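Participant: Hey, dropping protein22.txt in here, compact mmCIF, C-alpha atoms:
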# COMPACT_ATOMS: atom_id res chain seq x y z
CA MET A 1 0.00 0.00 0.00
CA SER A 2 1.44 3.38 -0.97
CA GLY A 3 0.77 6.73 0.59
CA PRO A 4 1.63 8.34 3.88
CA ALA A 5 2.62 6.22 6.84
CA PRO A 6 -0.26 5.34 9.15
CA GLU A 7 -0.78 7.76 12.02
CA PRO A 8 -0.02 6.07 15.38
CA ARG A 9 -2.94 5.78 17.80
CA PRO A 10 -1.96 4.52 21.27
CA THR A 11 -4.99 2.56 22.48
CA VAL A 12 -5.93 0.74 25.69
CA ARG A 13 -8.50 -2.03 26.12
CA ALA A 14 -10.00 -3.78 29.15
CA LEU A 15 -10.38 -7.55 29.30
CA LEU A 16 -13.15 -7.05 31.83
CA LEU A 17 -14.40 -10.22 33.52
CA ASP A 18 -17.28 -10.76 35.91
CA ARG A 19 -17.23 -13.25 38.80
CA ASP A 20 -18.19 -16.08 36.41
CA ASP A 21 -15.34 -15.33 33.96
CA ARG A 22 -17.67 -13.80 31.38
CA LEU A 23 -15.98 -11.16 29.23
CA LEU A 24 -17.63 -7.85 28.42
CA LEU A 25 -17.55 -6.92 24.74
CA GLN A 26 -19.14 -4.01 22.94
CA ALA A 27 -20.35 -3.96 19.36
CA PHE A 28 -20.13 -1.18 16.83
CA VAL A 29 -21.36 -0.99 13.24
CA ASP A 30 -19.42 1.50 11.16
CA PRO A 31 -18.72 0.57 7.52
CA ASP A 32 -16.17 3.41 7.39
CA VAL A 33 -13.88 1.67 9.88
CA ARG A 34 -12.14 -1.33 8.37
CA ARG A 35 -8.80 -2.81 7.38
CA PRO A 36 -7.16 -0.80 4.58
CA GLY A 37 -8.44 -2.10 1.26
CA ALA A 38 -11.24 -4.18 2.83
CA GLU A 39 -14.82 -3.87 1.64
CA PRO A 40 -17.26 -2.00 3.91
CA THR A 41 -19.61 -4.17 5.99
CA ASP A 42 -22.69 -3.60 8.10
CA ALA A 43 -21.82 -6.56 10.34
CA PRO A 44 -21.16 -5.60 13.97
CA ALA A 45 -17.60 -5.80 15.23
CA TRP A 46 -17.34 -7.00 18.85
CA PHE A 47 -14.31 -5.96 20.92
CA PRO A 48 -13.24 -5.12 24.48
CA PRO A 49 -14.07 -1.64 25.78
CA GLY A 50 -11.37 0.98 25.65
CA GLY A 51 -10.04 3.58 23.28
CA GLY A 52 -7.38 6.09 22.42
CA LEU A 53 -5.10 7.77 24.88
CA ALA A 54 -5.00 11.55 25.16
CA ALA A 55 -1.60 13.18 24.61
CA GLY A 56 0.58 12.47 27.64
CA GLU A 57 -2.05 10.30 29.33
CA ALA A 58 -0.76 7.24 31.22
CA GLN A 59 -2.16 3.89 30.07
CA ALA A 60 -3.80 3.07 33.41
CA ASP A 61 -5.42 6.52 33.65
CA GLY A 62 -6.63 6.36 30.06
CA LEU A 63 -8.11 2.91 30.51
CA ALA A 64 -9.97 3.94 33.68
CA ARG A 65 -11.30 7.01 31.85
CA GLU A 66 -12.35 5.05 28.75
CA LEU A 67 -14.06 2.38 30.84
CA ARG A 68 -15.95 5.01 32.85
CA GLU A 69 -17.05 6.78 29.64
CA GLU A 70 -18.04 3.63 27.75
CA THR A 71 -19.52 1.51 30.56
CA GLY A 72 -19.98 3.71 33.63
CA PHE A 73 -17.86 1.24 35.65
CA THR A 74 -15.50 2.82 38.17
CA ASP A 75 -15.03 -0.01 40.67
CA VAL A 76 -12.69 -2.39 38.86
CA ALA A 77 -10.07 -4.67 40.41
CA TRP A 78 -7.26 -4.18 37.90
CA GLY A 79 -4.83 -6.93 37.07
CA PRO A 80 -1.74 -6.88 34.86
CA TRP A 81 -1.28 -5.73 31.29
CA VAL A 82 -1.31 -9.02 29.38
CA TRP A 83 -1.31 -8.42 25.61
CA ARG A 84 -0.25 -5.90 23.01
CA ARG A 85 -1.35 -5.68 19.40
CA THR A 86 -0.62 -3.45 16.42
CA VAL A 87 -3.18 -3.20 13.63
CA ASP A 88 -3.76 -0.71 10.80
CA LEU A 89 -7.32 0.48 10.28
CA ASP A 90 -8.86 2.88 7.80
CA VAL A 91 -10.94 5.16 10.01
CA HIS A 92 -13.23 7.38 7.95
CA GLY A 93 -10.67 7.65 5.14
CA ARG A 94 -7.55 8.03 7.29
CA VAL A 95 -5.26 5.05 7.94
CA ARG A 96 -4.25 4.82 11.58
CA ARG A 97 -1.93 2.37 13.30
CA PHE A 98 -3.64 1.20 16.49
CA GLU A 99 -1.02 0.29 19.11
CA GLU A 100 -3.22 -1.56 21.59
CA ALA A 101 -2.44 -2.55 25.16
CA TYR A 102 -4.79 -4.98 26.94
CA ARG A 103 -5.25 -5.10 30.71
CA LEU A 104 -7.10 -7.69 32.76
CA GLY A 105 -9.78 -6.40 35.13
CA ARG A 106 -12.63 -7.74 37.25
CA VAL A 107 -15.95 -6.33 38.33
CA ALA A 108 -17.84 -7.55 41.38
CA GLY A 109 -20.90 -9.67 40.82
CA ALA A 110 -22.39 -11.28 37.76
CA ALA A 111 -22.67 -9.34 34.50
CA PRO A 112 -23.46 -5.83 35.76
CA ALA A 113 -25.29 -3.65 33.25
CA PRO A 114 -23.00 -1.14 31.50
CA ARG A 115 -24.26 2.43 31.30
CA PRO A 116 -22.26 4.62 28.91
CA THR A 117 -21.68 8.15 30.17
CA ALA A 118 -19.70 9.90 27.44
CA PHE A 119 -19.67 8.37 23.97
CA GLU A 120 -18.16 10.47 21.20
CA PRO A 121 -20.81 11.44 18.58
CA TRP A 122 -19.56 8.83 16.07
CA GLU A 123 -19.53 6.18 18.83
CA ALA A 124 -23.13 6.96 19.76
CA ARG A 125 -24.17 6.58 16.10
CA ALA A 126 -22.25 3.32 15.62
CA PHE A 127 -22.90 1.69 19.02
CA HIS A 128 -24.74 -1.61 18.69
CA GLY A 129 -24.74 -2.96 22.26
CA PHE A 130 -22.90 -4.76 25.06
CA ARG A 131 -22.79 -8.42 25.90
CA TRP A 132 -21.11 -10.57 28.53
CA TRP A 133 -19.65 -13.63 26.76
CA THR A 134 -18.43 -16.97 28.06
CA ILE A 135 -15.34 -18.37 26.39
CA GLU A 136 -17.48 -21.16 24.95
CA GLU A 137 -19.95 -18.67 23.43
CA LEU A 138 -17.09 -16.72 21.86
CA ALA A 139 -15.44 -19.86 20.51
CA SER A 140 -18.64 -21.13 18.89
CA SER A 141 -19.96 -17.82 17.56
CA ASP A 142 -19.62 -16.64 13.97
CA VAL A 143 -19.74 -12.92 14.87
CA ARG A 144 -16.74 -10.70 14.06
CA VAL A 145 -14.65 -10.49 17.25
CA PHE A 146 -11.48 -8.50 17.74
CA PRO A 147 -8.79 -9.21 18.46
CA PRO A 148 -8.97 -12.39 16.38
CA ALA A 149 -8.43 -15.57 18.43
CA LEU A 150 -9.87 -13.79 21.47
CA ALA A 151 -11.59 -16.91 22.83
CA ARG A 152 -8.44 -19.03 22.54
CA ARG A 153 -6.21 -16.32 24.00
CA LEU A 154 -8.56 -15.64 26.91
CA GLY A 155 -8.87 -19.35 27.65
CA GLN A 156 -5.08 -19.62 27.80
CA LEU A 157 -4.87 -16.56 30.02
CA LEU A 158 -7.41 -17.93 32.49
CA ALA A 159 -5.85 -21.41 32.51
CA ASP A 160 -2.18 -20.37 32.68
CA GLY A 161 -2.33 -17.02 34.43
CA ALA A 162 -0.89 -13.73 33.27
CA PRO A 163 2.41 -13.65 31.42
CA ALA A 164 5.42 -12.00 33.06
CA ARG A 165 5.30 -9.33 30.33
CA PRO A 166 2.55 -8.49 27.84
CA ILE A 167 2.73 -10.79 24.82
CA ASP A 168 2.35 -9.52 21.27
CA ILE A 169 -0.77 -10.97 19.64
CA SER A 170 -0.49 -8.96 16.40
CA ALA A 171 0.15 -12.11 14.36
CA ASP A 172 -3.38 -13.34 15.21
CA GLY A 173 -4.70 -10.84 12.70
Translate the structure of the given file into C-alpha cells.
Facilitator:
Amino acid sequence: MSGPAPEPRPTVRALLLDRDDRLLLQAFVDPDVRRPGAEPTDAPAWFPPGGGLAAGEAQADGLARELREETGFTDVAWGPWVWRRTVDLDVHGRVRRFEEAYRLGRVAGAAPAPRPTAFEPWEARAFHGFRWWTIEELASSDVRVFPPALARRLGQLLADGAPARPIDISADG
C-alpha cells in the first residue's frame, strides 16, 4: 500500500471479567472503519471496551477514563497488562496504526449492566450494544470479534495465568 505512513494511535483495552469469567464486549457498526483495502460491511464488530489515549495520558489513567465513559464502571479490580497488538485500520478515510495494550480487570458480581456516560458522537451513532460472553460462546460464535483468536487467547490466560510481560498478539490478525 502506498501513501503516507499510518498515524499512530496509542490505544488501551480492558479484558473485563465478571465473577463467572464472562468477558464484556461491545459492538459497533461503522462501515467506514475497516482494514485498509477491505470492503465495507454492516456486520457488527465486537471488541473489548477501551479507546485512544490523550496526549501524555498514562495507560492506566486512560483505561480507567475510557471504561468510565463507555460503561460507567468505576469499581474495577485491575490486574496486569497481558497483551499488546498493532493493527492498521482505515478510520473514515484516514489510515491509523492502532497500538493496543490490553489489561485484565474484574468487576464484582455477575454481568453488571453497563451504562455509557460519554460516547463520542460517532460512537453513539455506531454503538450496537454490550454483551457478557463466556469463552465457549465466543469460541462457537460466527460474529466478528477483535482481536482475532480472542476466545483461545482468553482461555489460555485464564488457565495459565498472566504472562510475566505483555505478549504480542499482532500475528493473530
Participant: Smallest atom-to-atom distance to Arg85 (chain A): which of A:Ala159, A:Leu25, A:Ala124, A:Val12, using only C-alpha atoms?
Facilitator: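 Looking at the shortest contact to Arg85 (chain A), the residue is A:Val12.
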Participant: May I have the protein, DNA and RNA residues with any atom at most 10 Å from the point (-23.9, -14.9, 25.3), counting all atoms listed in the file, written as a compact mmCIF listing (two decimals) with C-alpha atoms, in the coordinates of the input?
Facilitator:
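For reference, out_13.txt as written:
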# COMPACT_ATOMS: atom_id res chain seq x y z
CA ARG A 22 -17.67 -13.80 31.38
CA LEU A 23 -15.98 -11.16 29.23
CA LEU A 24 -17.63 -7.85 28.42
CA ARG A 131 -22.79 -8.42 25.90
CA TRP A 132 -21.11 -10.57 28.53
CA TRP A 133 -19.65 -13.63 26.76
CA THR A 134 -18.43 -16.97 28.06
CA ILE A 135 -15.34 -18.37 26.39
CA GLU A 136 -17.48 -21.16 24.95
CA GLU A 137 -19.95 -18.67 23.43
CA LEU A 138 -17.09 -16.72 21.86
CA SER A 141 -19.96 -17.82 17.56
Participant: Restricting the calculation to only C-alpha atoms: of A:Ala118, A:Ala38, A:Ala101, A:Leu15, which residue gets closest to Val76 (chain A)?
Facilitator: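 Nearest to Val76 (chain A): A:Leu15.
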Participant: Between CA of Ala55 (chain A) and CA of Pro10 (chain A), what distance in Å does the model show, to one decimal?
Facilitator: 9.3 Å
Participant: Between CA of Asp88 (chain A) and CA of Asp32 (chain A), measure the distance and give it in Å to one decimal.
Facilitator: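 Interatomic distance here is 13.5 Å.
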Participant: Which is closer to Glu7 (chain A) than all the others in A:Gly105, A:Val143, A:Ala126, A:Arg94, using only C-alpha atoms?
Facilitator: A:Arg94
Participant: May I have the residues within 9 Å of Ala110 (chain A) as a list in words, using only C-alpha atoms and disregarding those fewer than 3 positions away in the same chain?
Facilitator: Asp18, Arg19, Asp20, Asp21, Arg22 and Val107 of chain A
Participant: Could you tell me, as a PyMOL selection string, which residues have any atom at most 12 Å from (-2.6, -3.9, 22.8), counting all atoms listed in the file?
Facilitator: chain A and resi 9-15+48+50-52+59+63+81-87+97-104+146-147+166-170
Participant: Using all atoms listed in the file, which protein or nucleic acid residues come within 9 Å of Pro40 (chain A)? Drop anything in the same chain fewer than 3 positions from it, and give the result as a PDB file with C-alpha atoms, keeping the file's coordinate frame.
Facilitator:
ATOM      1  CA  ASP A  30     -19.420   1.500  11.160  1.00  0.00           C
ATOM      2  CA  PRO A  31     -18.720   0.570   7.520  1.00  0.00           C
ATOM      3  CA  ASP A  32     -16.170   3.410   7.390  1.00  0.00           C
ATOM      4  CA  VAL A  33     -13.880   1.670   9.880  1.00  0.00           C
ATOM      5  CA  ARG A  34     -12.140  -1.330   8.370  1.00  0.00           C
TER       6      ARG A  34
END
Participant: A:Arg153, A:Arg96, A:Arg144, A:Arg68: which is nearest Pro114 (chain A), counting all atoms listed in the file?
Facilitator: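 Nearest candidate to Pro114 (chain A) out of A:Arg153, A:Arg96, A:Arg144, A:Arg68: A:Arg68.
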Participant: In Å, how far is it from CA of Pro80 (chain A) to CA of Ala149 (chain A)?
Facilitator: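 Separating CA of Pro80 (chain A) from CA of Ala149 (chain A) is a distance of 19.8 Å.
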Participant: With only C-alpha atoms as the atoms that count, which of A:Gly79, A:Pro116, A:Gly56, A:Gly155 lies nearest to Phe130 (chain A)?
Facilitator: A:Pro116
Participant: For Phe119 (chain A), which residue out of A:Ser140, A:Ala162, A:Phe28, A:Asp172 is the nearest one, using all atoms listed in the file?
Facilitator: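 Closest residue, counting all atoms listed in the file: A:Phe28.
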Participant: Got a sec: who's within 6 Å of Val145 (chain A), counting all atoms listed in the file, leaving out chain neighbours fewer than 4 positions off, as an mmCIF file with C-alpha atoms, in the frame of the given file?
Facilitator:
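Written file, out.cif:
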data_model
loop_
_atom_site.group_PDB
_atom_site.id
_atom_site.type_symbol
_atom_site.label_atom_id
_atom_site.label_comp_id
_atom_site.auth_asym_id
_atom_site.auth_seq_id
_atom_site.Cartn_x
_atom_site.Cartn_y
_atom_site.Cartn_z
ATOM 1 C CA ALA A 45 -17.600 -5.800 15.230
ATOM 2 C CA TRP A 46 -17.340 -7.000 18.850
ATOM 3 C CA PHE A 47 -14.310 -5.960 20.920
#
Participant: Would you mind putting back N, CA and C atoms on region 122-155 of chain A, then writing it out as a CSV table (one decimal), in the frame of the given file?
Facilitator:
chain,number,residue,atom,x,y,z
A,122,TRP,N,-19.6,10.0,17.0
A,122,TRP,CA,-19.6,8.8,16.1
A,122,TRP,C,-19.8,7.5,16.8
A,123,GLU,N,-19.3,7.4,18.1
A,123,GLU,CA,-19.5,6.2,18.8
A,123,GLU,C,-21.0,6.0,19.1
A,124,ALA,N,-21.7,7.1,19.5
A,124,ALA,CA,-23.1,7.0,19.8
A,124,ALA,C,-23.9,6.5,18.5
A,125,ARG,N,-23.5,7.0,17.3
A,125,ARG,CA,-24.2,6.6,16.1
A,125,ARG,C,-23.9,5.1,15.8
A,126,ALA,N,-22.7,4.7,16.0
A,126,ALA,CA,-22.2,3.3,15.6
A,126,ALA,C,-22.5,2.2,16.7
A,127,PHE,N,-22.8,2.6,17.9
A,127,PHE,CA,-22.9,1.7,19.0
A,127,PHE,C,-24.0,0.7,18.8
A,128,HIS,N,-23.8,-0.6,19.0
A,128,HIS,CA,-24.7,-1.6,18.7
A,128,HIS,C,-25.1,-2.4,19.9
A,129,GLY,N,-24.4,-2.3,21.0
A,129,GLY,CA,-24.7,-3.0,22.3
A,129,GLY,C,-23.6,-3.6,23.0
A,130,PHE,N,-23.8,-4.0,24.2
A,130,PHE,CA,-22.9,-4.8,25.1
A,130,PHE,C,-23.4,-6.2,25.2
A,131,ARG,N,-22.4,-7.0,25.5
A,131,ARG,CA,-22.8,-8.4,25.9
A,131,ARG,C,-21.7,-9.0,26.7
A,132,TRP,N,-22.1,-9.8,27.7
A,132,TRP,CA,-21.1,-10.6,28.5
A,132,TRP,C,-21.0,-11.9,27.9
A,133,TRP,N,-19.8,-12.4,27.5
A,133,TRP,CA,-19.6,-13.6,26.8
A,133,TRP,C,-18.9,-14.6,27.6
A,134,THR,N,-19.3,-15.9,27.5
A,134,THR,CA,-18.4,-17.0,28.1
A,134,THR,C,-17.4,-17.3,27.0
A,135,ILE,N,-16.3,-17.9,27.4
A,135,ILE,CA,-15.3,-18.4,26.4
A,135,ILE,C,-16.0,-19.3,25.4
A,136,GLU,N,-16.8,-20.2,25.9
A,136,GLU,CA,-17.5,-21.2,25.0
A,136,GLU,C,-18.4,-20.4,23.9
A,137,GLU,N,-19.1,-19.4,24.4
A,137,GLU,CA,-20.0,-18.7,23.4
A,137,GLU,C,-19.1,-18.0,22.4
A,138,LEU,N,-18.0,-17.4,22.8
A,138,LEU,CA,-17.1,-16.7,21.9
A,138,LEU,C,-16.5,-17.7,20.9
A,139,ALA,N,-16.1,-18.9,21.4
A,139,ALA,CA,-15.4,-19.9,20.5
A,139,ALA,C,-16.4,-20.4,19.5
A,140,SER,N,-17.7,-20.5,19.8
A,140,SER,CA,-18.6,-21.1,18.9
A,140,SER,C,-19.4,-20.1,18.0
A,141,SER,N,-19.2,-18.8,18.3
A,141,SER,CA,-20.0,-17.8,17.6
A,141,SER,C,-19.3,-17.5,16.2
A,142,ASP,N,-20.1,-17.1,15.3
A,142,ASP,CA,-19.6,-16.6,14.0
A,142,ASP,C,-19.6,-15.1,13.8
A,143,VAL,N,-19.8,-14.4,14.9
A,143,VAL,CA,-19.7,-12.9,14.9
A,143,VAL,C,-18.3,-12.5,14.7
A,144,ARG,N,-18.1,-11.3,14.2
A,144,ARG,CA,-16.7,-10.7,14.1
A,144,ARG,C,-16.3,-10.2,15.4
A,145,VAL,N,-15.2,-10.8,15.9
A,145,VAL,CA,-14.6,-10.5,17.2
A,145,VAL,C,-13.2,-10.1,17.1
A,146,PHE,N,-12.8,-9.0,17.8
A,146,PHE,CA,-11.5,-8.5,17.7
A,146,PHE,C,-11.0,-8.3,19.2
A,147,PRO,N,-9.7,-8.7,19.4
A,147,PRO,CA,-8.8,-9.2,18.5
A,147,PRO,C,-9.2,-10.6,18.0
A,148,PRO,N,-8.7,-11.0,16.8
A,148,PRO,CA,-9.0,-12.4,16.4
A,148,PRO,C,-8.4,-13.4,17.4
A,149,ALA,N,-8.9,-14.5,17.5
A,149,ALA,CA,-8.4,-15.6,18.4
A,149,ALA,C,-8.7,-15.2,19.9
A,150,LEU,N,-9.6,-14.3,20.1
A,150,LEU,CA,-9.9,-13.8,21.5
A,150,LEU,C,-10.3,-14.9,22.4
A,151,ALA,N,-11.2,-15.8,22.0
A,151,ALA,CA,-11.6,-16.9,22.8
A,151,ALA,C,-10.4,-17.8,23.2
A,152,ARG,N,-9.6,-18.2,22.3
A,152,ARG,CA,-8.4,-19.0,22.5
A,152,ARG,C,-7.5,-18.3,23.5
A,153,ARG,N,-7.2,-17.1,23.2
A,153,ARG,CA,-6.2,-16.3,24.0
A,153,ARG,C,-6.7,-16.1,25.4
A,154,LEU,N,-8.0,-15.8,25.6
A,154,LEU,CA,-8.6,-15.6,26.9
A,154,LEU,C,-8.6,-17.0,27.7
A,155,GLY,N,-8.9,-18.0,27.0
A,155,GLY,CA,-8.9,-19.4,27.6
A,155,GLY,C,-7.5,-19.7,28.2
